[in-house]
Every structure is written in structure tokens, then in C-alpha cells.
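Engineer: work.txt (compact mmCIF, C-alpha atoms) pasted underneath:
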```txt
# COMPACT_ATOMS: atom_id res chain seq x y z
CA MET A 1 -35.94 17.38 -1.72
CA ASN A 2 -35.32 13.86 -3.06
CA ILE A 3 -31.61 13.54 -3.79
CA GLN A 4 -30.34 10.25 -5.16
CA PRO A 5 -26.70 9.26 -5.52
CA SER A 6 -25.32 8.46 -8.95
CA LYS A 7 -25.54 4.87 -10.14
CA LYS A 8 -21.76 4.69 -9.95
CA MET A 9 -21.93 5.27 -6.17
CA SER A 10 -23.40 1.78 -5.81
CA LEU A 11 -19.90 0.52 -6.61
CA PHE A 12 -18.43 2.32 -3.60
CA ALA A 13 -19.72 0.47 -0.56
CA PRO A 14 -19.22 2.07 2.87
CA ALA A 15 -16.00 0.81 4.46
CA ILE A 16 -16.22 -1.31 7.60
CA PHE A 17 -13.43 0.64 9.29
CA GLY A 18 -15.87 3.16 10.76
CA ASP A 19 -18.04 0.39 12.23
CA LEU A 20 -14.99 -1.24 13.80
CA LYS A 21 -13.88 2.05 15.32
CA ASN A 22 -17.34 2.81 16.71
CA HIS A 23 -17.63 -0.65 18.23
CA ALA A 24 -14.18 -0.29 19.75
CA LYS A 25 -15.07 3.09 21.26
CA LEU A 26 -18.19 1.56 22.78
CA GLN A 27 -16.13 -1.16 24.46
CA GLN A 28 -13.61 1.44 25.62
CA GLN A 29 -16.40 3.41 27.28
CA LYS A 30 -17.25 0.24 29.18
CA GLY A 31 -13.72 0.10 30.53
CA MET A 32 -11.99 -2.14 27.97
CA GLU A 33 -8.36 -1.28 27.19
CA LEU A 34 -8.03 -1.27 23.40
CA ILE A 35 -5.08 -2.54 21.37
CA ASP A 36 -5.71 -1.13 17.91
CA LEU A 37 -4.06 -3.13 15.13
CA SER A 38 -6.51 -2.09 12.44
CA LEU A 39 -5.21 0.87 10.42
CA GLY A 40 -1.69 0.94 8.99
CA SER A 41 -1.01 4.45 10.22
CA PRO A 42 2.57 4.76 11.51
CA ASP A 43 2.77 5.29 15.27
CA ILE A 44 6.39 6.49 15.09
CA PRO A 45 6.86 10.22 14.38
CA PRO A 46 9.04 11.45 11.51
CA ALA A 47 12.74 11.97 12.21
CA GLU A 48 13.49 15.15 14.16
CA ASN A 49 15.39 16.80 11.30
CA LEU A 50 12.35 16.37 9.05
CA ARG A 51 10.01 17.92 11.62
CA GLN A 52 12.43 20.79 12.18
CA LYS A 53 12.72 21.45 8.45
CA MET A 54 8.93 21.46 8.10
CA SER A 55 8.64 23.98 10.91
CA GLU A 56 11.20 26.31 9.33
CA LEU A 57 9.68 26.18 5.85
CA THR A 58 6.08 26.70 6.90
CA ALA A 59 7.13 29.96 8.56
CA LEU A 60 8.28 31.42 5.22
CA SER A 61 5.82 33.68 3.45
CA SER A 62 7.10 32.39 0.11
CA SER A 63 5.91 28.83 0.82
CA TYR A 64 2.23 29.28 0.07
CA GLY A 65 1.89 29.41 -3.71
CA TYR A 66 0.70 26.74 -6.11
CA THR A 67 3.33 24.16 -7.04
CA LEU A 68 1.38 22.70 -10.00
CA THR A 69 3.34 19.69 -11.27
CA GLY A 70 5.76 19.81 -8.36
CA ILE A 71 9.18 21.26 -7.65
CA GLN A 72 12.33 20.08 -9.39
CA THR A 73 14.05 19.53 -6.02
CA PHE A 74 11.62 16.75 -5.16
CA ASN A 75 11.77 15.04 -8.55
CA GLU A 76 15.57 15.06 -8.48
CA ALA A 77 15.58 13.59 -4.96
CA VAL A 78 13.33 10.75 -6.14
CA CYS A 79 15.78 10.02 -8.96
CA ARG A 80 18.78 10.07 -6.63
CA TYR A 81 16.97 7.72 -4.26
CA TYR A 82 16.09 5.24 -7.01
CA LYS A 83 19.63 5.26 -8.38
CA ARG A 84 21.23 4.85 -4.95
CA VAL A 85 18.85 2.30 -3.46
CA ASN A 86 17.51 0.41 -6.46
CA GLY A 87 20.12 0.95 -9.15
CA VAL A 88 17.45 2.44 -11.42
CA ASP A 89 18.14 5.48 -13.64
CA LEU A 90 15.25 7.96 -13.92
CA VAL A 91 14.90 11.31 -15.67
CA PRO A 92 13.40 13.87 -13.25
CA GLU A 93 11.65 15.93 -15.94
CA THR A 94 9.89 13.04 -17.72
CA GLU A 95 9.83 9.92 -15.55
CA VAL A 96 8.49 11.23 -12.22
CA VAL A 97 5.05 12.56 -11.30
CA GLN A 98 3.84 13.47 -7.82
CA THR A 99 0.61 12.23 -6.30
CA ILE A 100 -1.18 13.43 -3.18
CA GLY A 101 -0.36 10.27 -1.30
CA SER A 102 -0.47 6.88 -3.00
CA GLN A 103 -4.24 6.56 -2.40
CA GLU A 104 -4.96 9.46 -4.75
CA GLY A 105 -2.58 8.15 -7.37
CA LEU A 106 -3.95 4.61 -7.22
CA VAL A 107 -7.56 5.72 -7.55
CA HIS A 108 -6.93 8.07 -10.46
CA LEU A 109 -4.41 6.02 -12.43
CA PRO A 110 -6.91 3.67 -14.17
CA VAL A 111 -8.76 6.75 -15.45
CA ALA A 112 -5.65 7.69 -17.45
CA PHE A 113 -5.26 4.31 -19.15
CA CYS A 114 -8.55 2.41 -19.16
CA ASP A 115 -11.76 2.87 -21.12
CA PRO A 116 -15.09 1.50 -19.91
CA GLY A 117 -15.07 -2.25 -20.47
CA ASP A 118 -11.28 -2.66 -20.37
CA ILE A 119 -10.09 -5.37 -18.01
CA VAL A 120 -7.75 -4.66 -15.11
CA LEU A 121 -5.92 -7.61 -13.57
CA THR A 122 -5.86 -7.25 -9.81
CA THR A 123 -5.68 -9.59 -6.85
CA ASN A 124 -8.10 -11.05 -4.34
CA PRO A 125 -7.48 -10.01 -1.61
CA ALA A 126 -6.15 -6.55 -2.50
CA TYR A 127 -5.88 -3.04 -1.13
CA VAL A 128 -9.30 -1.40 -1.40
CA ALA A 129 -8.11 1.60 -3.47
CA TYR A 130 -7.50 -0.62 -6.48
CA ASP A 131 -11.16 -1.50 -6.88
CA ALA A 132 -12.13 2.13 -6.33
CA GLY A 133 -9.93 3.26 -9.21
CA ILE A 134 -11.08 0.46 -11.51
CA HIS A 135 -14.75 1.31 -10.88
CA LEU A 136 -14.09 5.04 -11.32
CA ALA A 137 -12.67 4.34 -14.76
CA GLY A 138 -15.60 2.08 -15.67
CA ALA A 139 -13.17 -0.79 -16.20
CA ILE A 140 -13.78 -4.40 -15.22
CA PRO A 141 -11.67 -6.10 -12.54
CA TYR A 142 -10.41 -9.63 -13.06
CA TYR A 143 -9.41 -11.06 -9.70
CA MET A 144 -6.37 -13.30 -9.35
CA PRO A 145 -6.61 -15.20 -6.04
CA LEU A 146 -3.71 -15.07 -3.58
CA THR A 147 -3.44 -18.56 -2.13
CA LYS A 148 -1.15 -20.47 0.18
CA GLU A 149 -0.48 -22.96 -2.63
CA ASN A 150 1.05 -20.21 -4.79
CA ASN A 151 2.93 -18.48 -1.95
CA TYR A 152 0.34 -15.68 -2.01
CA LEU A 153 1.58 -14.48 -5.41
CA PRO A 154 -0.86 -14.01 -8.30
CA ASP A 155 -0.64 -16.91 -10.75
CA LEU A 156 -0.33 -15.19 -14.13
CA LYS A 157 -0.46 -18.52 -15.97
CA ALA A 158 -3.96 -19.18 -14.64
CA VAL A 159 -5.53 -16.10 -16.29
CA PRO A 160 -7.70 -17.21 -19.24
CA GLU A 161 -6.55 -16.25 -22.72
CA ASN A 162 -9.78 -14.40 -23.54
CA VAL A 163 -9.27 -12.21 -20.46
CA LEU A 164 -5.69 -11.45 -21.42
CA GLN A 165 -6.71 -10.31 -24.89
CA ASN A 166 -8.81 -7.54 -23.31
CA ALA A 167 -6.58 -6.70 -20.35
CA LYS A 168 -5.13 -3.19 -20.26
CA LEU A 169 -3.55 -2.95 -16.81
CA LEU A 170 -2.00 -5.26 -14.19
CA ILE A 171 -1.74 -4.05 -10.58
CA LEU A 172 0.77 -5.72 -8.25
CA ASN A 173 1.65 -4.94 -4.63
CA LEU A 174 4.75 -6.65 -3.19
CA PRO A 175 5.20 -6.70 -0.24
CA GLY A 176 1.48 -6.24 -0.11
CA ASN A 177 -1.47 -4.97 1.83
CA PRO A 178 -3.13 -7.01 3.23
CA VAL A 179 -0.92 -9.99 2.27
CA PRO A 180 2.77 -9.17 2.79
CA ALA A 181 4.14 -11.57 0.17
CA MET A 182 7.63 -10.59 -0.92
CA PRO A 183 8.78 -9.99 -4.49
CA SER A 184 11.72 -11.69 -6.14
CA LEU A 185 13.65 -10.80 -9.27
CA GLU A 186 12.56 -14.12 -10.81
CA TYR A 187 8.88 -13.30 -10.29
CA PHE A 188 9.28 -9.79 -11.68
CA GLU A 189 11.04 -11.26 -14.73
CA GLU A 190 7.97 -13.45 -15.25
CA VAL A 191 5.78 -10.34 -15.01
CA VAL A 192 7.88 -8.50 -17.61
CA ALA A 193 7.62 -11.39 -20.09
CA PHE A 194 3.88 -11.67 -19.43
CA ALA A 195 3.23 -7.95 -19.93
CA LYS A 196 5.32 -7.80 -23.06
CA LYS A 197 3.50 -10.78 -24.59
CA TYR A 198 0.03 -9.36 -23.97
CA ASN A 199 0.80 -5.61 -24.24
CA ILE A 200 -0.34 -4.85 -20.68
CA ILE A 201 0.66 -1.84 -18.57
CA VAL A 202 2.06 -2.87 -15.18
CA LEU A 203 1.66 -0.79 -12.03
CA HIS A 204 3.66 -1.99 -9.05
CA ASP A 205 2.53 -0.49 -5.75
CA ALA A 206 5.75 -0.30 -3.73
CA ALA A 207 4.38 1.53 -0.69
CA TYR A 208 6.04 -0.97 1.66
CA SER A 209 9.28 -1.45 -0.25
CA GLU A 210 11.45 -0.29 2.65
CA PHE A 211 9.78 -2.75 5.02
CA TYR A 212 12.05 -5.70 4.24
CA PHE A 213 13.55 -7.68 7.11
CA LYS A 214 16.06 -9.82 5.20
CA GLY A 215 18.62 -8.88 2.56
CA ASP A 216 20.35 -5.62 1.78
CA ALA A 217 17.80 -3.58 -0.14
CA PRO A 218 14.23 -3.44 -1.40
CA ILE A 219 13.45 -4.91 -4.81
CA SER A 220 12.08 -2.45 -7.33
CA PHE A 221 10.01 -3.70 -10.26
CA LEU A 222 11.75 -1.09 -12.40
CA ALA A 223 15.11 -2.75 -11.68
CA THR A 224 13.92 -5.74 -13.72
CA PRO A 225 15.34 -5.67 -17.27
CA GLY A 226 12.66 -4.44 -19.67
CA ALA A 227 10.25 -3.24 -16.96
CA LYS A 228 10.40 0.40 -17.97
CA GLU A 229 9.06 -0.39 -21.45
CA PHE A 230 5.52 -0.60 -20.03
CA GLY A 231 5.93 -0.35 -16.27
CA LEU A 232 5.21 2.14 -13.51
CA GLU A 233 5.95 2.03 -9.82
CA ILE A 234 4.10 4.06 -7.21
CA ASN A 235 5.81 4.72 -3.93
CA SER A 236 4.86 6.72 -0.89
CA LEU A 237 6.62 8.43 1.97
CA SER A 238 3.72 7.66 4.31
CA LYS A 239 5.02 4.39 5.76
CA SER A 240 8.75 4.29 5.06
CA PHE A 241 9.34 7.80 6.43
CA SER A 242 6.39 8.18 8.85
CA LEU A 243 5.02 11.06 6.76
CA ALA A 244 1.49 9.67 6.37
CA GLY A 245 -0.33 12.91 7.17
CA THR A 246 1.68 14.97 4.70
CA ARG A 247 0.16 13.04 1.76
CA ILE A 248 3.04 12.84 -0.65
CA ALA A 249 3.89 10.04 -3.05
CA TYR A 250 5.11 9.63 -6.60
CA ILE A 251 4.80 7.50 -9.71
CA VAL A 252 7.95 6.70 -11.68
CA GLY A 253 8.71 4.71 -14.80
CA ASN A 254 7.86 4.81 -18.50
CA ALA A 255 7.99 8.41 -19.73
CA GLU A 256 4.95 8.11 -22.03
CA LEU A 257 2.80 6.68 -19.24
CA VAL A 258 4.06 9.29 -16.76
CA SER A 259 3.15 12.00 -19.28
CA MET A 260 -0.42 10.70 -19.41
CA MET A 261 -0.64 10.84 -15.63
CA LYS A 262 0.73 14.38 -15.63
CA GLN A 263 -1.93 15.41 -18.13
CA LEU A 264 -4.67 13.89 -15.99
CA LYS A 265 -3.37 15.43 -12.76
CA SER A 266 -3.05 18.87 -14.36
CA ASN A 267 -6.86 18.79 -14.50
CA LEU A 268 -7.30 17.56 -10.93
CA ASP A 269 -5.06 19.54 -8.59
CA PHE A 270 -2.51 22.34 -8.29
CA GLY A 271 0.23 20.42 -6.54
CA ILE A 272 1.41 19.69 -3.02
CA PHE A 273 2.37 22.27 -0.39
CA GLU A 274 6.01 23.20 -1.11
CA PRO A 275 7.36 22.62 2.44
CA ILE A 276 6.05 19.05 2.25
CA GLN A 277 7.93 18.51 -1.01
CA GLN A 278 11.13 19.97 0.42
CA VAL A 279 10.89 17.78 3.53
CA ALA A 280 10.16 14.74 1.38
CA ALA A 281 13.27 15.48 -0.69
CA LEU A 282 15.32 15.69 2.53
CA ALA A 283 13.87 12.36 3.67
CA LEU A 284 14.73 10.65 0.39
CA ASP A 285 18.28 12.01 0.47
CA ASN A 286 18.70 10.55 3.98
CA ALA A 287 16.70 7.39 3.36
CA GLU A 288 19.34 4.91 4.49
CA ASP A 289 19.52 6.39 8.00
CA VAL A 290 15.78 6.99 8.42
CA THR A 291 14.56 3.66 7.09
CA ALA A 292 17.23 1.57 8.84
CA GLU A 293 15.92 2.66 12.25
CA LEU A 294 12.31 2.02 11.26
CA ARG A 295 13.21 -1.44 9.95
CA LYS A 296 14.75 -2.42 13.29
CA THR A 297 11.56 -1.48 15.09
CA PHE A 298 9.18 -3.10 12.63
CA SER A 299 11.29 -6.23 12.26
CA ALA A 300 11.04 -6.83 16.02
CA ARG A 301 7.28 -6.23 15.93
CA HIS A 302 6.88 -8.51 12.92
CA LYS A 303 8.73 -11.37 14.64
CA THR A 304 6.79 -10.91 17.88
CA LEU A 305 3.36 -10.94 16.27
CA MET A 306 4.04 -13.74 13.78
CA GLU A 307 5.55 -16.09 16.34
CA GLY A 308 2.96 -15.14 18.94
CA LEU A 309 0.00 -15.89 16.71
CA GLN A 310 1.54 -19.17 15.59
CA SER A 311 1.98 -20.19 19.22
CA ILE A 312 -1.78 -19.88 19.83
CA GLY A 313 -2.77 -21.88 16.77
CA TRP A 314 -3.15 -19.23 14.07
CA GLU A 315 -1.76 -19.97 10.60
CA VAL A 316 0.29 -16.97 9.51
CA ALA A 317 1.15 -16.20 5.89
CA PRO A 318 4.94 -16.41 5.56
CA SER A 319 6.61 -13.06 5.05
CA ASP A 320 9.89 -11.28 5.51
CA GLY A 321 8.56 -7.76 5.20
CA GLY A 322 5.59 -5.45 4.98
CA MET A 323 3.66 -3.55 7.61
CA PHE A 324 1.01 -6.19 8.25
CA VAL A 325 0.51 -9.76 9.34
CA TRP A 326 -2.06 -11.82 7.43
CA ALA A 327 -3.27 -14.69 9.56
CA GLN A 328 -5.92 -17.41 9.55
CA TYR A 329 -7.58 -17.84 12.93
CA PRO A 330 -8.64 -21.30 14.18
CA GLN A 331 -12.18 -20.40 15.30
CA ASN A 332 -15.07 -21.59 13.14
CA MET A 333 -16.89 -18.34 12.40
CA ASN A 334 -16.93 -15.76 9.63
CA CYS A 335 -14.26 -13.10 9.81
CA VAL A 336 -16.54 -10.09 10.34
CA ASP A 337 -18.24 -11.71 13.33
CA PHE A 338 -14.86 -12.79 14.65
CA ALA A 339 -13.47 -9.24 14.39
CA PHE A 340 -16.35 -7.82 16.44
CA LYS A 341 -16.13 -10.69 18.94
CA ALA A 342 -12.41 -9.99 19.39
CA ILE A 343 -13.13 -6.34 20.14
CA GLU A 344 -15.83 -7.19 22.66
CA GLU A 345 -13.92 -9.89 24.51
CA THR A 346 -10.28 -8.84 24.17
CA GLY A 347 -10.16 -5.20 23.05
CA VAL A 348 -7.94 -6.17 20.11
CA VAL A 349 -9.02 -4.34 16.96
CA MET A 350 -8.23 -6.11 13.66
CA VAL A 351 -9.55 -5.88 10.10
CA PRO A 352 -11.55 -8.86 8.79
CA GLY A 353 -10.08 -10.34 5.65
CA THR A 354 -13.18 -9.98 3.46
CA VAL A 355 -12.73 -6.20 3.50
CA PHE A 356 -10.04 -6.91 0.90
CA GLY A 357 -11.90 -9.56 -1.11
CA SER A 358 -13.75 -12.85 -0.85
CA GLU A 359 -10.50 -14.82 -0.57
CA GLY A 360 -9.97 -13.12 2.78
CA GLU A 361 -12.66 -15.15 4.54
CA GLY A 362 -11.20 -16.77 7.63
CA TYR A 363 -8.32 -14.29 7.87
CA MET A 364 -7.46 -11.17 9.84
CA ARG A 365 -5.13 -8.35 8.90
CA LEU A 366 -3.10 -7.04 11.82
CA ALA A 367 -1.00 -3.87 11.50
CA LEU A 368 2.41 -3.56 13.15
CA VAL A 369 1.53 -0.22 14.75
CA GLN A 370 2.01 -1.01 18.44
CA PRO A 371 5.16 -1.56 20.53
CA VAL A 372 6.37 -5.11 21.10
CA GLU A 373 4.95 -5.16 24.63
CA MET A 374 1.47 -4.33 23.38
CA LEU A 375 1.70 -6.94 20.63
CA GLN A 376 2.59 -9.55 23.23
CA LYS A 377 -0.41 -8.46 25.27
CA ALA A 378 -2.63 -8.66 22.18
CA VAL A 379 -1.54 -12.25 21.51
CA ALA A 380 -2.18 -13.22 25.14
CA ARG A 381 -5.69 -11.79 24.93
CA LEU A 382 -6.46 -13.44 21.58
CA ALA A 383 -5.42 -16.76 23.09
CA THR A 384 -8.48 -16.55 25.37
CA LEU A 385 -10.97 -16.56 22.49
```
Show me the file's structure as C-alpha cells.
Structural biologist:
Amino acid sequence: MNIQPSKKMSLFAPAIFGDLKNHAKLQQQKGMELIDLSLGSPDIPPAENLRQKMSELTALSSSYGYTLTGIQTFNEAVCRYYKRVNGVDLVPETEVVQTIGSQEGLVHLPVAFCDPGDIVLTTNPAYVAYDAGIHLAGAIPYYMPLTKENNYLPDLKAVPENVLQNAKLLILNLPGNPVPAMPSLEYFEEVVAFAKKYNIIVLHDAAYSEFYFKGDAPISFLATPGAKEFGLEINSLSKSFSLAGTRIAYIVGNAELVSMMKQLKSNLDFGIFEPIQQVAALALDNAEDVTAELRKTFSARHKTLMEGLQSIGWEVAPSDGGMFVWAQYPQNMNCVDFAFKAIEETGVVMVPGTVFGSEGEGYMRLALVQPVEMLQKAVARLATL
């Protein structure tokens, strides 16, 4: 039987993460102690009250039906969280839609808004799910480079006029993955004026919004005056609440755009397991306590890894938040070769920058998913390369 993949599958190249893991396992079998800084999967378990609540709810026989568009309890908790933390008013019935983790939402969102040939403004480097969604919709990505000269923020003024006339969607991610550049109200105000001028939908991926290490609160794009006229924000409980495996996230913002996403998702899934939604609502209602403890831990890790890499000659992208460090290594070799060399000689597993785009050449992404002591050990080993 001769089975061929669809032509569209050529746009979805195999990820390098599996190759990195296999190479790391091979070195581990040879006796190498691994320090895995590759995937941004939280190593800290959810708060005990969340785990206890999940245990109680999963034991109920009434917990196992379809939830379709989600339960009102969750949507209302999202709205309370946004009002309390970001000062943003949301309507639970019309301005919130659940997604099965942010990955699912990010991949499907361009399908709701883009026709084949429409242009989507995205960054280079960028989280890999953005390209997947753009290709799925048959849209065309226009890559805005993230450079040191522009503080790793996309330069909206540099986008050609002919591109802007055909652009339908702008995707931002601040603080980002892989580059943890931080947002500011001034930059978001620039985005609002830009989107209004060119009639472009804005999606802000705020998955790391609670990972800020200076200031009093995260900055929401929707808190910017005028943002809700054409803006959406996607946020996840995976990182900020250590609920990665439960796969629950949400998109909030403009009611008309949210309605389009609801229509699309009504054809894709039947909702998220109710106990997960109830636990997520509990997490959001106790966000200040849960996220404050996580921030202490990740702030210490962030400081340790940034200062450690700088001390051995790496150039680290400035950041005051996020779950990753984006750093340029001093060795003269391409980043994929360097990543495999680091595994072989030091046991430190990192992601080469070109996984996220051509502008990532010469860089590594390191996740803050190990205790401070292990990060110190990782830096000491990398110093031997």
C-alpha cells in the first residue's frame, strides 16, 4: 500500500525535540548526568489545595459528561481574575472562550480569521505553534525579526506598506518564548494605533504573564485603551499555576472575535473535563497566593542562570520575566551542532535557537525548570566547552 501524506504536511517539519531527547538518553546510558533545560514544562507541582480539589471532583459520578463550551464557573473566574489583576472588565458569556491548552488555541485561531493568502504578522524567532496555525489556515507568515538593536521587540514601523495592506492578524508574545522580552504600556499603545490604522486583529499570547520579576503586576494587552476593539489575549494555566498536564487555557477580548472562535471550537471538541475547569477556577480565584510563590522561585532561577551565563562569556538577552533565558554562546559553530555537543560533553540539554526561526542562529533557549543548585552546575559545565 503506497500511502502519501498530504501536500500540506510538508509545512509541518518534524520537531528537533525528539532528536535532542534521544541523544540525551544515549549519553545518560553512558553514565552522563543530565541537566535538562530544554522543555518549558513546570517542575513544581500544583498547589496542594488544587490537587486535593481535583481528587475530590474526579471521584464524583456527575463529573464525566460533556461540557461543550465550558462551565459558567470557569468563565466567571477568568473575569474576576482579569478585573482583579489587570483592571480589565470582561463579560463571561461573550468575551471568554476556553481552549484545550494554549497550543490548541494558537494553532486553530488563524483558521477562524484568515483565508488562504492572507498575511499574518509574526516574529522571528517565535513559538513554533504560531507557524503551525498559519500554515493550517493557508495564510502567509510575514516575519518581523527580534533583534538586540530593537530590544527584541518587533519593529512595526519596518513592515512594508504593501504587506500591511494584506495583513489580517498580528501575533505578539510578551514576555515571550523563546525571547523573554517584556511588554510596556507604551509599546502596547503603539500596537493599538498600528492595528487600528491597518484594520488588523491582534492576538497577544500572555502565557507567561505571571512570570514578571519586577513591578507589581503583569501587563495585559487588553488593559491598553482601545485594545478590545480588535484585540484578543490568550492565557494558560500551564505555567503560572503548574497545571500543564491538565490542558486548560482561554481566549478573552473582543466579543465578535470570541464568538467566531466559539463557532469554530463547537465543530472541533466537546469541552474540557469539568473537574479541570473547577480546579482552574479555584486557581484563578487564588492567583495572588499561588503565583507569588512561583515568582519567588523562578526569579531566583532567572537571576542565577542569567548572571552565570554572563560570567562565562555568553551574551544574554535582557529580561525581567518569562520562563526562559535566550542567550548567545561565544563558540563559533552553528546552534544545532552546539546543542548536541553540549549534551555529549556536559549533559546540559538546551534548545538551539533556529528551532524558533532563522534569527535564532547562534542562540540557545534555556528553560528555568531546574533548582538553583542544578542551574549553577549547568553553568559550571558549560564553562568547560
Engineer: Which of these residues is nearest to Ala13 (chain A), using only C-alpha atoms: A:Val348, A:Ala255, A:Leu172, A:Val128?
Structural biologist: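 The closest residue to Ala13 (chain A) is A:Val128.
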Engineer: With only C-alpha atoms as the basis for distance, which of A:Ser238, A:Val120, A:Ala132, A:Tyr127 is at the shortest distance from Ser10 (chain A)?
Structural biologist: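 The answer is A:Ala132, which sits nearest to Ser10 (chain A).
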Engineer: Which residue out of A:Val252, A:Ala129, A:Leu282, A:Leu136 has the minimum interatomic distance to Met9 (chain A) when all atoms listed in the file are used?
Structural biologist: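 The closest residue to Met9 (chain A) is A:Leu136.
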Engineer: For Ile200 (chain A), list every protein, DNA or RNA residue within 6 Å, evaluated using all atoms listed in the file, and leave out those in the same chain fewer than 5 positions away; present the list as JSON, numbers by chain.
Structural biologist: {"A": [168, 169, 195]}
Engineer: Name the closest residue to Pro45 (chain A) among the candidates A:Asn75, A:Thr58, A:Asn124, A:Ser240; distances are taken between atoms, counting all atoms listed in the file.
Structural biologist: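 For Pro45 (chain A), the nearest of the candidates is A:Ser240.
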Engineer: Calculate how many Å separate CA of Leu50 (chain A) from CA of Ala280 (chain A), rounding to one decimal.
Structural biologist: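 Pair CA of Leu50 (chain A) / CA of Ala280 (chain A) returns 8.1 Å.
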Engineer: Mind pulling up the distance from CA of Tyr329 (chain A) to CA of Leu305 (chain A)?
Structural biologist: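 Going from CA of Leu305 (chain A) over to CA of Tyr329 (chain A), I get 13.4 Å.
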Engineer: Tell me which of A:Val78, A:Ala339, A:Ala287, A:Ala126 sits closest to Leu20 (chain A), counting all atoms listed in the file.
Structural biologist: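 Closest residue, counting all atoms listed in the file: A:Ala339.
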Engineer: Mind filling out region 144-166 of chain A with N, CA and C atoms and sending it as a PDB file, in the frame of the given file?
Structural biologist:
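Writing the result to part.pdb gives the following:
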```pdb
ATOM      1  N   MET A 144      -7.296 -12.172  -9.445  1.00  0.00           N
ATOM      2  CA  MET A 144      -6.370 -13.300  -9.350  1.00  0.00           C
ATOM      3  C   MET A 144      -6.222 -13.659  -7.876  1.00  0.00           C
ATOM      4  N   PRO A 145      -6.646 -14.857  -7.456  1.00  0.00           N
ATOM      5  CA  PRO A 145      -6.610 -15.200  -6.040  1.00  0.00           C
ATOM      6  C   PRO A 145      -5.176 -15.334  -5.509  1.00  0.00           C
ATOM      7  N   LEU A 146      -4.984 -14.882  -4.266  1.00  0.00           N
ATOM      8  CA  LEU A 146      -3.710 -15.070  -3.580  1.00  0.00           C
ATOM      9  C   LEU A 146      -3.889 -16.237  -2.609  1.00  0.00           C
ATOM     10  N   THR A 147      -3.231 -17.335  -2.903  1.00  0.00           N
ATOM     11  CA  THR A 147      -3.440 -18.560  -2.130  1.00  0.00           C
ATOM     12  C   THR A 147      -2.141 -19.053  -1.502  1.00  0.00           C
ATOM     13  N   LYS A 148      -2.302 -19.855  -0.468  1.00  0.00           N
ATOM     14  CA  LYS A 148      -1.150 -20.470   0.180  1.00  0.00           C
ATOM     15  C   LYS A 148      -0.375 -21.324  -0.821  1.00  0.00           C
ATOM     16  N   GLU A 149      -1.105 -22.030  -1.689  1.00  0.00           N
ATOM     17  CA  GLU A 149      -0.480 -22.960  -2.630  1.00  0.00           C
ATOM     18  C   GLU A 149       0.465 -22.246  -3.596  1.00  0.00           C
ATOM     19  N   ASN A 150       0.201 -20.970  -3.862  1.00  0.00           N
ATOM     20  CA  ASN A 150       1.050 -20.210  -4.790  1.00  0.00           C
ATOM     21  C   ASN A 150       1.878 -19.155  -4.066  1.00  0.00           C
ATOM     22  N   ASN A 151       2.118 -19.404  -2.763  1.00  0.00           N
ATOM     23  CA  ASN A 151       2.930 -18.480  -1.950  1.00  0.00           C
ATOM     24  C   ASN A 151       2.373 -17.069  -1.934  1.00  0.00           C
ATOM     25  N   TYR A 152       1.051 -16.960  -2.054  1.00  0.00           N
ATOM     26  CA  TYR A 152       0.340 -15.680  -2.010  1.00  0.00           C
ATOM     27  C   TYR A 152       0.789 -14.713  -3.114  1.00  0.00           C
ATOM     28  N   LEU A 153       1.261 -15.272  -4.226  1.00  0.00           N
ATOM     29  CA  LEU A 153       1.580 -14.480  -5.410  1.00  0.00           C
ATOM     30  C   LEU A 153       0.525 -14.755  -6.471  1.00  0.00           C
ATOM     31  N   PRO A 154       0.116 -13.759  -7.241  1.00  0.00           N
ATOM     32  CA  PRO A 154      -0.860 -14.010  -8.300  1.00  0.00           C
ATOM     33  C   PRO A 154      -0.286 -14.942  -9.366  1.00  0.00           C
ATOM     34  N   ASP A 155      -1.069 -15.940  -9.752  1.00  0.00           N
ATOM     35  CA  ASP A 155      -0.640 -16.910 -10.750  1.00  0.00           C
ATOM     36  C   ASP A 155      -1.016 -16.382 -12.143  1.00  0.00           C
ATOM     37  N   LEU A 156      -0.069 -15.801 -12.824  1.00  0.00           N
ATOM     38  CA  LEU A 156      -0.330 -15.190 -14.130  1.00  0.00           C
ATOM     39  C   LEU A 156      -0.701 -16.251 -15.177  1.00  0.00           C
ATOM     40  N   LYS A 157      -0.186 -17.444 -15.004  1.00  0.00           N
ATOM     41  CA  LYS A 157      -0.460 -18.520 -15.970  1.00  0.00           C
ATOM     42  C   LYS A 157      -1.906 -18.983 -15.909  1.00  0.00           C
ATOM     43  N   ALA A 158      -2.593 -18.697 -14.806  1.00  0.00           N
ATOM     44  CA  ALA A 158      -3.960 -19.180 -14.640  1.00  0.00           C
ATOM     45  C   ALA A 158      -5.002 -18.225 -15.234  1.00  0.00           C
ATOM     46  N   VAL A 159      -4.578 -17.067 -15.717  1.00  0.00           N
ATOM     47  CA  VAL A 159      -5.530 -16.100 -16.290  1.00  0.00           C
ATOM     48  C   VAL A 159      -5.941 -16.588 -17.673  1.00  0.00           C
ATOM     49  N   PRO A 160      -7.240 -16.701 -17.929  1.00  0.00           N
ATOM     50  CA  PRO A 160      -7.700 -17.210 -19.240  1.00  0.00           C
ATOM     51  C   PRO A 160      -7.251 -16.326 -20.401  1.00  0.00           C
ATOM     52  N   GLU A 161      -7.026 -16.951 -21.539  1.00  0.00           N
ATOM     53  CA  GLU A 161      -6.550 -16.250 -22.720  1.00  0.00           C
ATOM     54  C   GLU A 161      -7.510 -15.156 -23.166  1.00  0.00           C
ATOM     55  N   ASN A 162      -8.821 -15.420 -23.093  1.00  0.00           N
ATOM     56  CA  ASN A 162      -9.780 -14.400 -23.540  1.00  0.00           C
ATOM     57  C   ASN A 162      -9.761 -13.171 -22.644  1.00  0.00           C
ATOM     58  N   VAL A 163      -9.432 -13.347 -21.381  1.00  0.00           N
ATOM     59  CA  VAL A 163      -9.270 -12.210 -20.460  1.00  0.00           C
ATOM     60  C   VAL A 163      -8.032 -11.416 -20.836  1.00  0.00           C
ATOM     61  N   LEU A 164      -6.961 -12.114 -21.105  1.00  0.00           N
ATOM     62  CA  LEU A 164      -5.690 -11.450 -21.420  1.00  0.00           C
ATOM     63  C   LEU A 164      -5.780 -10.619 -22.695  1.00  0.00           C
ATOM     64  N   GLN A 165      -6.588 -11.047 -23.631  1.00  0.00           N
ATOM     65  CA  GLN A 165      -6.710 -10.310 -24.890  1.00  0.00           C
ATOM     66  C   GLN A 165      -7.387  -8.955 -24.693  1.00  0.00           C
ATOM     67  N   ASN A 166      -8.108  -8.810 -23.585  1.00  0.00           N
ATOM     68  CA  ASN A 166      -8.810  -7.540 -23.310  1.00  0.00           C
ATOM     69  C   ASN A 166      -8.258  -6.807 -22.088  1.00  0.00           C
TER      70      ASN A 166
END
```
